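Asks: This is the content of my_file-v3.txt (compact mmCIF, C-alpha atoms):
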```txt
# COMPACT_ATOMS: atom_id res chain seq x y z
CA MET C 111 0.00 0.00 0.00
CA LYS C 112 2.82 2.40 0.92
CA ILE C 113 4.54 1.67 -2.40
CA ASN C 114 1.32 2.30 -4.30
CA LYS C 115 0.81 5.61 -2.48
CA LEU C 116 4.39 6.63 -3.20
CA LEU C 117 4.02 5.77 -6.89
CA THR C 118 0.78 7.74 -7.05
CA LYS C 119 2.46 10.81 -5.52
CA LEU C 120 5.39 10.51 -7.90
CA PHE C 121 3.01 10.24 -10.86
CA ILE C 122 1.10 13.37 -9.78
CA LEU C 123 4.32 15.35 -9.22
CA SER C 124 5.67 14.24 -12.60
CA ALA C 125 2.46 15.27 -14.33
CA LEU C 126 2.52 18.66 -12.64
CA PHE C 127 6.19 19.15 -13.57
CA LEU C 128 5.56 18.20 -17.20
CA ALA C 129 2.52 20.46 -17.37
CA SER C 130 4.53 23.32 -15.93
CA CYS C 131 7.34 22.78 -18.42
CA SER C 132 4.84 22.48 -21.23
CA ASP C 133 3.23 25.81 -20.28
CA ASP C 134 6.59 27.56 -20.00
CA ASP C 135 7.87 26.12 -23.27
CA THR C 136 4.73 26.82 -25.28
CA PRO C 137 5.58 29.56 -27.76
CA GLN C 138 3.41 32.67 -27.72
CA VAL C 139 1.00 32.71 -30.62
CA PRO C 140 1.68 35.85 -32.71
CA LYS C 141 -1.16 38.35 -32.64
CA GLY C 142 -0.61 39.16 -36.30
CA ASP C 143 1.94 39.83 -39.02
CA TYR C 144 2.56 43.37 -37.80
CA GLU C 145 3.33 42.69 -34.14
CA ASN C 146 6.78 43.53 -32.74
CA GLY C 147 7.82 46.05 -35.31
CA ILE C 148 7.85 49.64 -36.47
CA LEU C 149 4.92 51.28 -38.25
CA ILE C 150 5.52 54.25 -40.55
CA SER C 151 2.61 56.39 -41.71
CA GLY C 152 2.92 58.25 -44.98
CA GLU C 153 0.71 61.21 -45.82
CA GLY C 154 0.64 60.47 -49.54
CA SER C 155 0.38 63.23 -52.13
CA GLY C 156 -0.89 63.87 -55.62
CA ALA C 157 1.45 61.06 -56.62
CA GLY C 158 -0.33 58.43 -54.53
CA THR C 159 -2.39 57.46 -51.52
CA GLY C 160 -1.56 57.76 -47.88
CA SER C 161 -0.20 54.45 -46.63
CA ILE C 162 1.45 52.54 -43.81
CA SER C 163 4.74 50.63 -43.89
CA PHE C 164 5.95 47.92 -41.49
CA ILE C 165 9.54 47.12 -40.50
CA SER C 166 10.34 44.22 -38.17
CA ASN C 167 12.28 45.01 -35.00
CA ASP C 168 15.26 43.05 -36.27
CA LEU C 169 15.15 45.17 -39.46
CA THR C 170 15.07 42.09 -41.73
CA THR C 171 11.53 42.62 -43.04
CA THR C 172 10.11 45.70 -44.74
CA GLU C 173 6.59 45.79 -46.16
CA ASN C 174 4.87 48.78 -47.70
CA LEU C 175 1.14 49.42 -48.26
CA ILE C 176 0.13 46.99 -45.51
CA TYR C 177 -3.42 48.33 -45.16
CA LYS C 178 -4.02 47.97 -48.89
CA LYS C 179 -2.52 44.47 -48.88
CA VAL C 180 -4.83 43.28 -46.09
CA ASN C 181 -8.03 45.10 -47.07
CA SER C 182 -7.68 45.48 -50.86
CA THR C 183 -8.46 49.18 -50.66
CA GLU C 184 -6.62 52.42 -50.02
CA LEU C 185 -6.79 54.97 -47.21
CA GLY C 186 -6.65 58.16 -49.29
CA ILE C 187 -4.78 61.40 -48.70
CA TYR C 188 -3.65 62.90 -46.44
CA LEU C 189 -2.94 60.29 -43.74
CA GLN C 190 -2.20 62.52 -40.77
CA SER C 191 -1.64 60.25 -37.76
CA ILE C 192 -2.37 56.96 -35.97
CA ALA C 193 -3.63 56.43 -32.42
CA PHE C 194 -3.73 53.12 -30.53
CA ASP C 195 -5.37 51.21 -27.75
CA ASN C 196 -4.46 47.69 -26.65
CA GLU C 197 -5.84 45.93 -29.71
CA ARG C 198 -6.79 48.60 -32.25
CA ALA C 199 -5.16 51.27 -34.37
CA PHE C 200 -7.10 54.38 -35.41
CA VAL C 201 -5.88 55.83 -38.72
CA VAL C 202 -6.74 59.52 -39.16
CA VAL C 203 -6.99 60.76 -42.77
CA ASP C 204 -7.79 64.46 -42.84
CA ASN C 205 -8.78 65.07 -46.48
CA ALA C 206 -11.07 62.04 -46.34
CA ASN C 207 -12.60 63.24 -43.04
CA SER C 208 -12.21 59.72 -41.72
CA VAL C 209 -10.83 57.60 -38.92
CA THR C 210 -10.32 54.00 -40.03
CA VAL C 211 -10.28 51.41 -37.24
CA VAL C 212 -8.09 48.34 -37.73
CA ASP C 213 -6.69 45.51 -35.66
CA ARG C 214 -3.27 46.91 -34.75
CA TYR C 215 -1.52 43.58 -35.31
CA THR C 216 -3.28 42.20 -38.41
CA PHE C 217 -4.46 45.51 -39.90
CA GLU C 218 -7.82 44.01 -40.78
CA GLU C 219 -10.38 46.81 -40.95
CA LYS C 220 -13.06 46.87 -38.25
CA SER C 221 -14.88 50.09 -39.13
CA THR C 222 -14.45 53.53 -40.68
CA ILE C 223 -15.81 56.66 -39.01
CA THR C 224 -16.87 59.24 -41.61
CA THR C 225 -19.66 61.17 -39.91
CA GLY C 226 -19.05 64.02 -37.48
CA LEU C 227 -15.49 64.79 -38.57
CA ASN C 228 -14.20 67.85 -40.43
CA GLY C 229 -10.47 68.06 -41.05
CA PRO C 230 -9.40 65.50 -38.39
CA ARG C 231 -5.77 65.64 -37.26
CA TYR C 232 -4.84 63.65 -34.14
CA MET C 233 -6.61 61.39 -31.68
CA ALA C 234 -6.23 60.46 -28.01
CA VAL C 235 -7.83 57.30 -26.60
CA VAL C 236 -9.20 57.48 -23.05
CA GLY C 237 -11.06 54.38 -21.93
CA ASP C 238 -13.90 53.73 -24.36
CA LYS C 239 -13.74 57.24 -25.85
CA GLY C 240 -11.64 58.70 -28.63
CA TYR C 241 -10.96 62.43 -28.79
CA VAL C 242 -10.13 63.72 -32.28
CA THR C 243 -8.84 67.21 -33.05
CA ASN C 244 -10.59 68.82 -36.05
CA TRP C 245 -9.68 71.97 -37.97
CA GLY C 246 -13.18 72.40 -39.38
CA SER C 247 -13.37 74.67 -42.41
CA THR C 248 -9.99 76.25 -43.08
CA SER C 249 -11.79 79.46 -44.05
CA ASP C 250 -13.43 79.71 -40.62
CA GLU C 251 -11.27 80.16 -37.52
CA THR C 252 -14.20 79.70 -35.14
CA ASP C 253 -15.51 76.23 -36.02
CA ASP C 254 -12.65 74.05 -34.73
CA PHE C 255 -13.55 71.26 -32.33
CA ILE C 256 -12.73 68.00 -30.59
CA ALA C 257 -14.92 65.13 -31.77
CA ILE C 258 -15.85 62.62 -29.06
CA VAL C 259 -16.04 59.09 -30.49
CA ASP C 260 -17.76 56.18 -28.76
CA LEU C 261 -15.28 53.36 -29.36
CA ASN C 262 -17.95 50.71 -28.82
CA THR C 263 -20.25 51.97 -31.58
CA TYR C 264 -17.74 54.07 -33.58
CA ASP C 265 -20.17 56.99 -33.58
CA VAL C 266 -19.28 60.62 -32.88
CA ASP C 267 -21.58 61.33 -29.95
CA GLY C 268 -20.42 64.82 -28.98
CA THR C 269 -18.07 67.72 -29.67
CA ILE C 270 -16.03 70.23 -27.66
CA ALA C 271 -15.48 73.67 -29.20
CA VAL C 272 -11.87 74.90 -29.08
CA GLY C 273 -9.69 77.62 -30.62
CA ASN C 274 -8.27 77.68 -34.13
CA GLY C 275 -6.00 74.93 -35.43
CA PRO C 276 -6.04 72.17 -32.78
CA GLU C 277 -3.24 69.70 -33.45
CA ARG C 278 -1.63 67.26 -31.04
CA ILE C 279 -3.70 65.87 -28.18
CA ILE C 280 -2.68 63.87 -25.10
CA GLU C 281 -4.43 62.84 -21.88
CA ASN C 282 -3.02 63.15 -18.37
CA ASN C 283 -4.84 62.72 -15.04
CA GLY C 284 -8.31 63.19 -16.45
CA LYS C 285 -7.47 66.17 -18.63
CA LEU C 286 -6.81 66.58 -22.33
CA TYR C 287 -3.99 68.86 -23.49
CA VAL C 288 -4.28 70.17 -27.04
CA SER C 289 -1.66 72.19 -28.92
CA HIS C 290 -3.00 74.80 -31.34
CA LYS C 291 -0.57 75.24 -34.19
CA GLY C 292 -3.15 77.32 -36.03
CA ALA C 293 -4.18 75.27 -39.08
CA PHE C 294 -3.25 77.29 -42.19
CA GLY C 295 -2.83 80.35 -39.98
CA THR C 296 -1.06 80.61 -36.65
CA ASN C 297 -2.00 80.32 -32.99
CA ASN C 298 -0.28 80.35 -29.61
CA ILE C 299 -2.43 78.45 -27.13
CA ILE C 300 -2.74 75.11 -25.37
CA SER C 301 -6.29 74.02 -24.58
CA VAL C 302 -6.83 72.14 -21.31
CA ILE C 303 -10.06 70.12 -21.27
CA ASP C 304 -11.35 68.70 -17.98
CA LEU C 305 -12.98 65.39 -18.90
CA SER C 306 -15.26 65.49 -15.86
CA ASP C 307 -17.35 68.23 -17.49
CA ASN C 308 -15.58 68.98 -20.84
CA SER C 309 -14.83 72.54 -19.69
CA VAL C 310 -11.97 74.27 -21.51
CA GLU C 311 -9.16 76.51 -20.23
CA THR C 312 -6.36 77.95 -22.36
CA ILE C 313 -2.68 78.58 -21.72
CA THR C 314 -0.81 81.15 -23.81
CA VAL C 315 2.57 79.92 -25.10
CA GLY C 316 4.84 80.73 -28.03
CA TYR C 317 3.44 80.70 -31.55
CA LYS C 318 2.82 77.44 -33.40
CA PRO C 319 2.87 74.97 -30.48
CA ASP C 320 2.97 71.43 -31.82
CA GLU C 321 4.73 68.50 -30.12
CA ILE C 322 3.63 68.00 -26.48
CA PHE C 323 4.86 65.54 -23.84
CA VAL C 324 4.75 65.06 -20.07
CA ASN C 325 8.24 64.95 -18.54
CA GLY C 326 9.50 63.10 -15.47
CA LYS C 327 8.57 66.00 -13.18
CA GLY C 328 4.96 65.96 -14.36
CA GLU C 329 5.33 69.11 -16.44
CA LEU C 330 3.89 69.61 -19.89
CA VAL C 331 6.70 70.15 -22.40
CA VAL C 332 5.69 72.07 -25.53
CA LEU C 333 7.68 72.71 -28.70
CA CYS C 334 6.67 76.12 -30.11
CA GLY C 335 8.04 76.46 -33.63
CA GLY C 336 7.42 80.20 -33.91
CA ASN C 337 6.18 82.14 -36.92
CA GLU C 338 8.52 81.99 -39.89
CA SER C 339 9.71 85.13 -41.70
CA TRP C 340 7.39 84.45 -44.64
CA THR C 341 4.38 85.06 -42.38
CA GLY C 342 5.37 88.72 -42.12
CA ASN C 343 5.31 88.38 -38.32
CA GLU C 344 8.34 86.27 -37.39
CA THR C 345 8.50 85.20 -33.74
CA ILE C 346 10.99 83.34 -31.57
CA ALA C 347 10.73 79.55 -31.26
CA SER C 348 10.92 77.94 -27.83
CA ILE C 349 10.59 74.83 -25.70
CA VAL C 350 8.21 75.64 -22.85
CA ASN C 351 7.61 73.75 -19.59
CA ILE C 352 4.19 74.18 -17.97
CA ASN C 353 3.07 73.36 -14.43
CA MET C 354 0.03 71.16 -15.01
CA SER C 355 -1.50 71.96 -11.62
CA THR C 356 -1.54 75.72 -12.13
CA ASN C 357 -1.44 75.86 -15.96
CA THR C 358 1.40 78.35 -15.77
CA GLU C 359 4.78 78.46 -17.48
CA VAL C 360 7.67 77.16 -15.36
CA SER C 361 10.57 77.70 -17.75
CA SER C 362 11.38 78.34 -21.38
CA LEU C 363 14.36 77.72 -23.67
CA THR C 364 14.46 80.05 -26.66
CA PHE C 365 15.99 79.45 -30.07
CA ALA C 366 18.05 81.89 -32.08
CA ASN C 367 16.38 84.31 -34.46
CA GLY C 368 15.42 82.55 -37.68
CA GLU C 369 15.49 79.02 -36.18
CA HIS C 370 12.16 77.23 -36.40
CA PRO C 371 12.20 73.64 -35.07
CA SER C 372 9.36 71.37 -36.14
CA LEU C 373 10.08 68.03 -34.46
CA MET C 374 10.69 66.95 -30.85
CA VAL C 375 10.53 63.67 -28.91
CA LEU C 376 11.09 62.80 -25.25
CA ASP C 377 12.78 59.50 -24.36
CA ASN C 378 14.18 58.43 -20.98
CA GLY C 379 14.51 61.99 -19.72
CA ILE C 380 16.20 63.27 -22.88
CA LEU C 381 14.65 65.74 -25.32
CA TYR C 382 15.57 65.32 -28.97
CA TYR C 383 14.68 68.19 -31.29
CA GLU C 384 15.31 69.22 -34.88
CA VAL C 385 16.59 72.47 -36.36
CA GLU C 386 17.18 72.78 -40.12
CA GLY C 387 17.55 69.02 -40.58
CA LYS C 388 19.94 68.56 -37.66
CA VAL C 389 19.00 66.71 -34.47
CA PHE C 390 20.12 67.93 -31.04
CA SER C 391 19.64 66.43 -27.58
CA ILE C 392 19.41 67.89 -24.07
CA SER C 393 18.32 66.66 -20.66
CA GLU C 394 14.70 67.44 -19.81
CA ASP C 395 16.19 69.50 -16.94
CA ALA C 396 18.53 71.46 -19.22
CA THR C 397 18.79 75.22 -18.76
CA ALA C 398 20.18 75.84 -22.24
CA LEU C 399 19.83 74.43 -25.73
CA SER C 400 22.64 72.42 -27.32
CA SER C 401 24.97 73.88 -29.92
CA THR C 402 26.20 70.49 -31.21
CA SER C 403 24.02 68.21 -33.32
CA ILE C 404 24.12 64.45 -32.84
CA VAL C 405 22.93 63.36 -36.30
CA GLU C 406 21.88 65.11 -39.50
CA SER C 407 19.21 64.27 -42.03
CA GLN C 408 20.21 63.06 -45.49
CA GLY C 409 17.20 64.75 -47.10
CA TYR C 410 13.98 66.48 -46.00
CA LEU C 411 13.58 65.58 -42.33
CA TYR C 412 9.87 65.06 -41.67
CA GLY C 413 9.71 62.55 -38.81
CA LEU C 414 11.73 61.68 -35.70
CA ALA C 415 11.62 58.93 -33.08
CA VAL C 416 13.93 57.40 -30.45
CA LYS C 417 13.78 53.98 -28.83
CA ASN C 418 16.18 51.38 -27.40
CA ASP C 419 19.37 53.36 -28.15
CA ARG C 420 18.36 53.99 -31.73
CA ILE C 421 17.28 57.20 -33.40
CA TYR C 422 14.98 57.07 -36.42
CA LEU C 423 14.86 59.85 -39.03
CA LEU C 424 12.30 60.05 -41.82
CA ASP C 425 13.50 61.74 -45.00
CA ALA C 426 10.21 62.37 -46.78
CA ASN C 427 9.68 62.18 -50.52
CA PHE C 428 6.30 63.23 -51.95
CA LYS C 429 6.93 61.91 -55.45
CA ASP C 430 8.40 58.49 -54.66
CA LEU C 431 9.25 56.28 -51.70
CA SER C 432 10.64 58.03 -48.63
CA GLU C 433 13.61 56.85 -46.56
CA LEU C 434 13.88 55.76 -42.95
CA ASN C 435 17.44 56.13 -41.67
CA ILE C 436 18.26 54.33 -38.44
CA TYR C 437 21.22 55.40 -36.29
CA ASP C 438 22.99 53.95 -33.26
CA LEU C 439 22.62 56.58 -30.53
CA SER C 440 25.94 55.62 -28.94
CA THR C 441 28.13 55.76 -32.02
CA LYS C 442 25.92 58.09 -34.12
CA ASN C 443 26.62 55.74 -37.03
CA ILE C 444 23.88 54.76 -39.46
CA ILE C 445 22.67 51.17 -38.99
CA ASP C 446 20.26 50.76 -41.86
CA THR C 447 18.16 52.58 -44.45
CA LYS C 448 14.68 51.48 -45.52
CA ALA C 449 12.53 52.60 -48.47
CA ILE C 450 9.10 53.32 -47.02
CA ALA C 451 5.78 55.14 -47.49
CA LEU C 452 5.21 58.08 -49.82
CA GLY C 453 5.32 61.29 -47.80
CA ALA C 454 6.43 59.44 -44.66
CA SER C 455 5.84 61.54 -41.54
CA LYS C 456 5.22 59.53 -38.35
CA ILE C 457 6.91 56.59 -36.60
CA TYR C 458 5.15 54.22 -34.18
CA PHE C 459 6.39 51.19 -32.26
CA ASN C 460 4.01 48.24 -32.32
```
Go ahead and render the structure in this file as structure tokens.
Replies:
Amino acid sequence: MKINKLLTKLFILSALFLASCSDDDTPQVPKGDYENGILISGEGSGAGTGSISFISNDLTTTENLIYKKVNSTELGIYLQSIAFDNERAFVVVDNANSVTVVDRYTFEEKSTITTGLNGPRYMAVVGDKGYVTNWGSTSDETDDFIAIVDLNTYDVDGTIAVGNGPERIIENNGKLYVSHKGAFGTNNIISVIDLSDNSVETITVGYKPDEIFVNGKGELVVLCGGNESWTGNETIASIVNINMSTNTEVSSLTFANGEHPSLMVLDNGILYYEVEGKVFSISEDATALSSTSIVESQGYLYGLAVKNDRIYLLDANFKDLSELNIYDLSTKNIIDTKAIALGASKIYFN
């Protein structure tokens, strides 16, 4: 009897051990062909549709026009941006007044939102709501708004009126922060929307605020490109830090006269920004801008991203394929170059 009991215990322990090993050794089933890679959105142009390219993380695979390949249709022009939640990607195409919803890993289309949008630009996802910035009619500076999308039904079920030219939008602690670059004009405000009642406050910053991030100190960091000389009212560009509790400016770094940066990213406490095709880096706590670039674009720099000790530069082409140039951040040497979407402008990590 004792031997039988011992054998039974050994059998049970062996089964549990094998089951445990089996679970640990079972490979993860891929969520789709476009998991674990880099997505590049291209605006398109008169030469062709807006599109999305995929590059695998190991840089061995490059595939263009992935949405068209999967869905046998095109997105149209101009593809402005992509937003994400855990399973979906939301592709914003401004001239088409649409947000196309796809599985972010397979790129199979789930729905397309075409009602209630007018010149959509960027989108923030908060729970089961999507908040889309809209320019409205470019001839009317008073009809700009945030469209509120129900992500269960894909219907626009409300709007929030805001100032002219809303652009980037992010959420932090129950509030939306919207930069107002000014559409085809110019503006100098950040809208702060309290999601508890959709009330709107504004913060005055430098002209043409665009890229916005929250730094490690919980401050809103804003890149203000400034008005160029051709506007007839040239203004100084700056990087502004804002206290998000008081909605007041904490500090500002100003660029030289005639310098008008258009790109900025924040990664691991370091700000990377572009001036005239050159990329510079400073600590998010820096009290001065850098005078030494770390890398320089090979063409028309239109997109910038940083991740895992690599810096990614998009050299856009609006007549043919664009180029993605990938650099080692430590050595500043180029690692690889990929031919990607027409009018490539944004980089996302999937």
Asks: So which one's closest to Gly229 (chain C), C:Ile187, C:Ile162, C:Ala199, C:Leu452? Using all atoms listed in the file, please.
Replies: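 Selected residue with least distance to Gly229 (chain C): C:Ile187.
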Asks: Select from region 243-317 of chain C every residue with an atom at most 8 Å from any atom of region 321-331 of chain C, then for each give the shortest pair of atoms and their distance in Å to one decimal, using all atoms listed in the file, rows by chain and rising number, as a Markdown table.
Replies:
```
| residue | atom | partner | partner_atom | distance |
| --- | --- | --- | --- | --- |
| C:Arg278 | CA | C:Glu321 | CA | 6.5 |
| C:Ile279 | CA | C:Ile322 | CA | 7.8 |
| C:Ile280 | CA | C:Ile322 | CA | 7.7 |
| C:Ser289 | CA | C:Ile322 | CA | 7.2 |
```
Asks: As a ChimeraX atom specification, please: the residues near Asn357 (chain C) (cut-off 10 Å, all atoms listed in the file, same-chain neighbours under 6 positions excluded).
Replies: /C:300,302,311-314,329-330,351
Asks: Which is closer to Asn308 (chain C) than all the others in C:Asn460, C:Thr269, C:Thr159, C:Ser355, using all atoms listed in the file?
Replies: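 For Asn308 (chain C), the nearest of the given residues is C:Thr269.
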Asks: Skipping near chain neighbours, those fewer than 2 positions away, what residues fall within 7 Å of region 216-223 of chain C using all atoms listed in the file, listed as a list in words?
Replies: Gly142, Asp143, Tyr144, Tyr177, Val180, Asn181, Ser208, Val209, Thr210, Val211, Val212, Asp213, Arg214, Thr225, Tyr264 and Asp265 of chain C
Asks: Taking all atoms listed in the file into account, name the residue in C:Ser301, C:Ser339, C:Asn174, C:Ser249 that is nearest to Leu431 (chain C).
Replies: C:Asn174
Asks: Ranking C:Trp340, C:Tyr215, C:Tyr458, C:Phe200 by minimum distance to Val235 (chain C) and counting all atoms listed in the file, which one comes first?
Replies: C:Phe200
Asks: One decimal, in Å: what's the spacing between CA of Thr397 (chain C) and CA of Gly379 (chain C)?
Replies: 13.9 Å
Asks: Between CA of Asn228 (chain C) and CA of Ser432 (chain C), what is the distance in Å, rounded to a tenth?
Replies: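 That distance, rounded to one decimal, is 27.9 Å.
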Asks: At what distance in Å, to one decimal, does CA of Gly336 (chain C) lie from CA of Pro319 (chain C)?
Replies: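 Distance between the two atoms: 7.7 Å.
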Asks: Measuring between only C-alpha atoms, which one of C:Ile404, C:Leu286, C:Val310, C:Ile148 shows the shortest distance to Lys417 (chain C)?
Replies: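 The shortest atom-to-atom distance to Lys417 (chain C) comes from C:Ile148.
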Asks: Would you pick out the contacts of Met374 (chain C) at 9 Å or less, using all atoms listed in the file, so that residues sharing its chain but fewer than 5 positions from it are not included, and give the list as a list in words?
Replies: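 That gives Asp320, Glu321, Ile322, Val332, Leu333, Leu381, Tyr382, Tyr383, Glu384, Leu414 and Ala415 of chain C.
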Asks: Please determine, counting only C-alpha atoms, which residue among C:Asn146, C:Gln138, C:Ser391, C:Ser372 has the shortest atom-to-atom distance to Gly413 (chain C).
Replies: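 Of all the options, C:Ser372 lies closest to Gly413 (chain C).
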Asks: Would you fill out region 343-352 of chain C with all heavy atoms and return it as a PDB file, in the frame of the given file?
Replies:
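Result file is result_18.pdb:
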```pdb
ATOM      1  N   ASN C 343       5.341  88.113 -39.763  1.00  0.00           N
ATOM      2  CA  ASN C 343       5.310  88.380 -38.320  1.00  0.00           C
ATOM      3  C   ASN C 343       6.158  87.321 -37.622  1.00  0.00           C
ATOM      4  O   ASN C 343       5.661  86.517 -36.838  1.00  0.00           O
ATOM      5  CB  ASN C 343       3.868  88.345 -37.800  1.00  0.00           C
ATOM      6  CG  ASN C 343       3.785  88.591 -36.297  1.00  0.00           C
ATOM      7  OD1 ASN C 343       4.595  89.330 -35.740  1.00  0.00           O
ATOM      8  ND2 ASN C 343       2.823  87.955 -35.651  1.00  0.00           N
ATOM      9  N   GLU C 344       7.463  87.309 -37.942  1.00  0.00           N
ATOM     10  CA  GLU C 344       8.340  86.270 -37.390  1.00  0.00           C
ATOM     11  C   GLU C 344       8.447  86.400 -35.878  1.00  0.00           C
ATOM     12  O   GLU C 344       8.578  87.502 -35.340  1.00  0.00           O
ATOM     13  CB  GLU C 344       9.733  86.350 -38.019  1.00  0.00           C
ATOM     14  CG  GLU C 344      10.633  85.196 -37.606  1.00  0.00           C
ATOM     15  CD  GLU C 344      11.886  85.087 -38.451  1.00  0.00           C
ATOM     16  OE1 GLU C 344      12.185  86.036 -39.199  1.00  0.00           O
ATOM     17  OE2 GLU C 344      12.558  84.041 -38.360  1.00  0.00           O
ATOM     18  N   THR C 345       8.380  85.236 -35.197  1.00  0.00           N
ATOM     19  CA  THR C 345       8.500  85.200 -33.740  1.00  0.00           C
ATOM     20  C   THR C 345       9.512  84.151 -33.326  1.00  0.00           C
ATOM     21  O   THR C 345       9.860  83.249 -34.103  1.00  0.00           O
ATOM     22  CB  THR C 345       7.142  84.898 -33.079  1.00  0.00           C
ATOM     23  OG1 THR C 345       6.647  83.644 -33.571  1.00  0.00           O
ATOM     24  CG2 THR C 345       6.129  85.997 -33.376  1.00  0.00           C
ATOM     25  N   ILE C 346       9.971  84.244 -32.101  1.00  0.00           N
ATOM     26  CA  ILE C 346      10.990  83.340 -31.570  1.00  0.00           C
ATOM     27  C   ILE C 346      10.384  81.971 -31.272  1.00  0.00           C
ATOM     28  O   ILE C 346       9.278  81.867 -30.724  1.00  0.00           O
ATOM     29  CB  ILE C 346      11.608  83.928 -30.297  1.00  0.00           C
ATOM     30  CG1 ILE C 346      12.337  85.243 -30.599  1.00  0.00           C
ATOM     31  CG2 ILE C 346      12.559  82.930 -29.642  1.00  0.00           C
ATOM     32  CD1 ILE C 346      13.540  85.095 -31.482  1.00  0.00           C
ATOM     33  N   ALA C 347      11.118  80.911 -31.620  1.00  0.00           N
ATOM     34  CA  ALA C 347      10.730  79.550 -31.260  1.00  0.00           C
ATOM     35  C   ALA C 347      11.208  79.230 -29.846  1.00  0.00           C
ATOM     36  O   ALA C 347      12.167  79.835 -29.349  1.00  0.00           O
ATOM     37  CB  ALA C 347      11.309  78.556 -32.256  1.00  0.00           C
ATOM     38  N   SER C 348      10.557  78.269 -29.206  1.00  0.00           N
ATOM     39  CA  SER C 348      10.920  77.940 -27.830  1.00  0.00           C
ATOM     40  C   SER C 348      10.466  76.542 -27.441  1.00  0.00           C
ATOM     41  O   SER C 348       9.593  75.954 -28.083  1.00  0.00           O
ATOM     42  CB  SER C 348      10.311  78.968 -26.861  1.00  0.00           C
ATOM     43  OG  SER C 348       8.894  78.960 -26.969  1.00  0.00           O
ATOM     44  N   ILE C 349      11.068  76.027 -26.384  1.00  0.00           N
ATOM     45  CA  ILE C 349      10.590  74.830 -25.700  1.00  0.00           C
ATOM     46  C   ILE C 349      10.119  75.292 -24.326  1.00  0.00           C
ATOM     47  O   ILE C 349      10.903  75.839 -23.544  1.00  0.00           O
ATOM     48  CB  ILE C 349      11.680  73.755 -25.562  1.00  0.00           C
ATOM     49  CG1 ILE C 349      12.137  73.273 -26.939  1.00  0.00           C
ATOM     50  CG2 ILE C 349      11.164  72.575 -24.732  1.00  0.00           C
ATOM     51  CD1 ILE C 349      13.315  72.320 -26.897  1.00  0.00           C
ATOM     52  N   VAL C 350       8.827  75.094 -24.057  1.00  0.00           N
ATOM     53  CA  VAL C 350       8.210  75.640 -22.850  1.00  0.00           C
ATOM     54  C   VAL C 350       7.805  74.509 -21.911  1.00  0.00           C
ATOM     55  O   VAL C 350       7.235  73.503 -22.354  1.00  0.00           O
ATOM     56  CB  VAL C 350       6.969  76.485 -23.220  1.00  0.00           C
ATOM     57  CG1 VAL C 350       6.290  77.030 -21.967  1.00  0.00           C
ATOM     58  CG2 VAL C 350       7.351  77.624 -24.160  1.00  0.00           C
ATOM     59  N   ASN C 351       8.079  74.671 -20.617  1.00  0.00           N
ATOM     60  CA  ASN C 351       7.610  73.750 -19.590  1.00  0.00           C
ATOM     61  C   ASN C 351       6.489  74.394 -18.800  1.00  0.00           C
ATOM     62  O   ASN C 351       6.613  75.542 -18.360  1.00  0.00           O
ATOM     63  CB  ASN C 351       8.753  73.366 -18.630  1.00  0.00           C
ATOM     64  CG  ASN C 351       9.735  72.396 -19.252  1.00  0.00           C
ATOM     65  OD1 ASN C 351       9.811  72.296 -20.477  1.00  0.00           O
ATOM     66  ND2 ASN C 351      10.495  71.693 -18.439  1.00  0.00           N
ATOM     67  N   ILE C 352       5.385  73.644 -18.622  1.00  0.00           N
ATOM     68  CA  ILE C 352       4.190  74.180 -17.970  1.00  0.00           C
ATOM     69  C   ILE C 352       3.836  73.347 -16.745  1.00  0.00           C
ATOM     70  O   ILE C 352       3.808  72.108 -16.806  1.00  0.00           O
ATOM     71  CB  ILE C 352       3.006  74.179 -18.962  1.00  0.00           C
ATOM     72  CG1 ILE C 352       3.280  75.174 -20.101  1.00  0.00           C
ATOM     73  CG2 ILE C 352       1.700  74.528 -18.257  1.00  0.00           C
ATOM     74  CD1 ILE C 352       2.290  75.085 -21.233  1.00  0.00           C
TER      75      ILE C 352
END
```
